[in-house]
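Text of data.cif, listed as mmCIF, C-alpha atoms:
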```
data_run
loop_
_atom_site.group_PDB
_atom_site.id
_atom_site.type_symbol
_atom_site.label_atom_id
_atom_site.label_comp_id
_atom_site.auth_asym_id
_atom_site.auth_seq_id
_atom_site.Cartn_x
_atom_site.Cartn_y
_atom_site.Cartn_z
ATOM 1 C CA MET A 975 -5.817 -24.803 0.709
ATOM 2 C CA ALA A 976 -4.996 -21.404 -0.823
ATOM 3 C CA ALA A 977 -4.757 -23.002 -4.252
ATOM 4 C CA ILE A 978 -8.493 -23.757 -4.340
ATOM 5 C CA PRO A 979 -9.581 -20.198 -5.283
ATOM 6 C CA LEU A 980 -6.848 -20.055 -7.917
ATOM 7 C CA LEU A 981 -8.040 -23.321 -9.443
ATOM 8 C CA VAL A 982 -11.638 -22.063 -9.412
ATOM 9 C CA LEU A 983 -10.502 -18.855 -11.136
ATOM 10 C CA VAL A 984 -8.621 -20.724 -13.860
ATOM 11 C CA LEU A 985 -11.485 -23.166 -14.368
ATOM 12 C CA ALA A 986 -14.013 -20.337 -14.641
ATOM 13 C CA LEU A 987 -11.861 -18.527 -17.194
ATOM 14 C CA VAL A 988 -11.436 -21.706 -19.238
ATOM 15 C CA LEU A 989 -15.212 -22.174 -19.226
ATOM 16 C CA GLY A 990 -15.691 -18.659 -20.612
ATOM 17 C CA VAL A 991 -16.959 -16.836 -17.540
ATOM 18 C CA PRO A 992 -16.262 -13.072 -17.756
ATOM 19 C CA ILE A 993 -13.095 -12.032 -15.923
ATOM 20 C CA ALA A 994 -14.854 -9.753 -13.416
ATOM 21 C CA VAL A 995 -17.300 -12.481 -12.393
ATOM 22 C CA ALA A 996 -14.544 -15.100 -12.166
ATOM 23 C CA LEU A 997 -12.390 -12.837 -9.975
ATOM 24 C CA ALA A 998 -15.332 -11.985 -7.730
ATOM 25 C CA GLY A 999 -16.251 -15.635 -7.290
ATOM 26 C CA ALA A 1000 -12.690 -16.711 -6.591
ATOM 27 C CA GLY A 1001 -12.282 -13.861 -4.135
ATOM 28 C CA MET A 1002 -15.458 -14.764 -2.297
ATOM 29 C CA LEU A 1003 -14.366 -18.385 -2.134
ATOM 30 C CA GLY A 1004 -10.939 -17.339 -0.856
ATOM 31 C CA ILE A 1005 -12.435 -15.224 1.916
ATOM 32 C CA TYR A 1006 -14.698 -18.112 2.883
ATOM 33 C CA VAL A 1007 -11.769 -20.557 2.945
ATOM 34 C CA VAL A 1008 -9.747 -18.237 5.196
ATOM 35 C CA THR A 1009 -12.508 -17.147 7.597
ATOM 36 C CA GLY A 1010 -14.981 -20.029 7.403
ATOM 37 C CA ASP A 1011 -17.860 -17.583 7.905
ATOM 38 C CA PHE A 1012 -20.256 -16.829 5.054
ATOM 39 C CA GLY A 1013 -21.557 -13.763 6.936
ATOM 40 C CA LYS A 1014 -18.125 -12.150 6.768
ATOM 41 C CA VAL A 1015 -17.951 -12.867 3.049
ATOM 42 C CA MET A 1016 -21.261 -11.107 2.449
ATOM 43 C CA GLY A 1017 -20.222 -8.210 4.695
ATOM 44 C CA ILE A 1018 -17.058 -7.619 2.694
ATOM 45 C CA VAL A 1019 -18.849 -8.024 -0.630
ATOM 46 C CA SER A 1020 -21.579 -5.581 0.384
ATOM 47 C CA LEU A 1021 -19.010 -2.887 1.232
ATOM 48 C CA ALA A 1022 -16.998 -3.170 -1.993
ATOM 49 C CA PRO A 1023 -19.406 -1.329 -4.348
ATOM 50 C CA PHE A 1024 -19.941 1.551 -1.901
ATOM 51 C CA SER A 1025 -16.251 2.063 -1.198
ATOM 52 C CA THR A 1026 -15.506 2.031 -4.922
ATOM 53 C CA VAL A 1027 -18.161 4.586 -5.818
ATOM 54 C CA ALA A 1028 -17.515 6.786 -2.763
ATOM 55 C CA ASP A 1029 -13.878 7.370 -3.757
ATOM 56 C CA TYR A 1030 -12.993 11.086 -3.795
ATOM 57 C CA ALA A 1031 -10.938 10.740 -6.984
ATOM 58 C CA LEU A 1032 -14.123 9.930 -8.925
ATOM 59 C CA THR A 1033 -15.475 13.423 -8.238
ATOM 60 C CA THR A 1034 -12.880 14.881 -10.605
ATOM 61 C CA ILE A 1035 -14.109 12.908 -13.615
ATOM 62 C CA PRO A 1036 -16.084 15.286 -15.854
ATOM 63 C CA CYS A 1037 -19.386 14.260 -17.378
ATOM 64 C CA SER A 1038 -19.634 14.241 -21.119
ATOM 65 C CA SER A 1039 -22.963 15.574 -22.306
#
```
Do you think you could lay out the structure here as structure tokens?
Amino acid sequence: MAAIPLLVLVLALVLGVPIAVALAGAGMLGIYVVTGDFGKVMGIVSLAPFSTVADYALTTIPCSS
């Protein structure tokens, strides 16, 4: 059962899908396979961009103007 997201990832990469999109899709599928709830998948996916951008370490990156 856990091999399904891995197979989807490999298939997507073979078909030429960009790596970020293939990883996101395989991850979403993996969460759905484990939990069985599409609402939880969307909840986790909706928090990922905010938690990435809200990281304190990103405040130390200087802007180049």
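Atom to atom, CA of Val988 (chain A) and CA of Asp1011 (chain A) stand 28.2 Å apart.
From CA of Pro979 (chain A) back to CA of Gly1004 (chain A), the distance works out to 5.4 Å.
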Excluding Val1015 (chain A) and residues on its chain fewer than 5 positions from it, collect all residues at most 9 Å away from it, counting all atoms listed in the file, and give them as a PyMOL selection string.
-> chain A and resi 1002-1003+1005-1006+1009-1010+1020
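In this model, the gap between CA of Gly1001 (chain A) and CA of Leu983 (chain A) comes to 8.8 Å.
Closest approach to Ala977 (chain A) among A:Ala1000, A:Val995, A:Lys1014, A:Ala1028: A:Ala1000, based on only C-alpha atoms.
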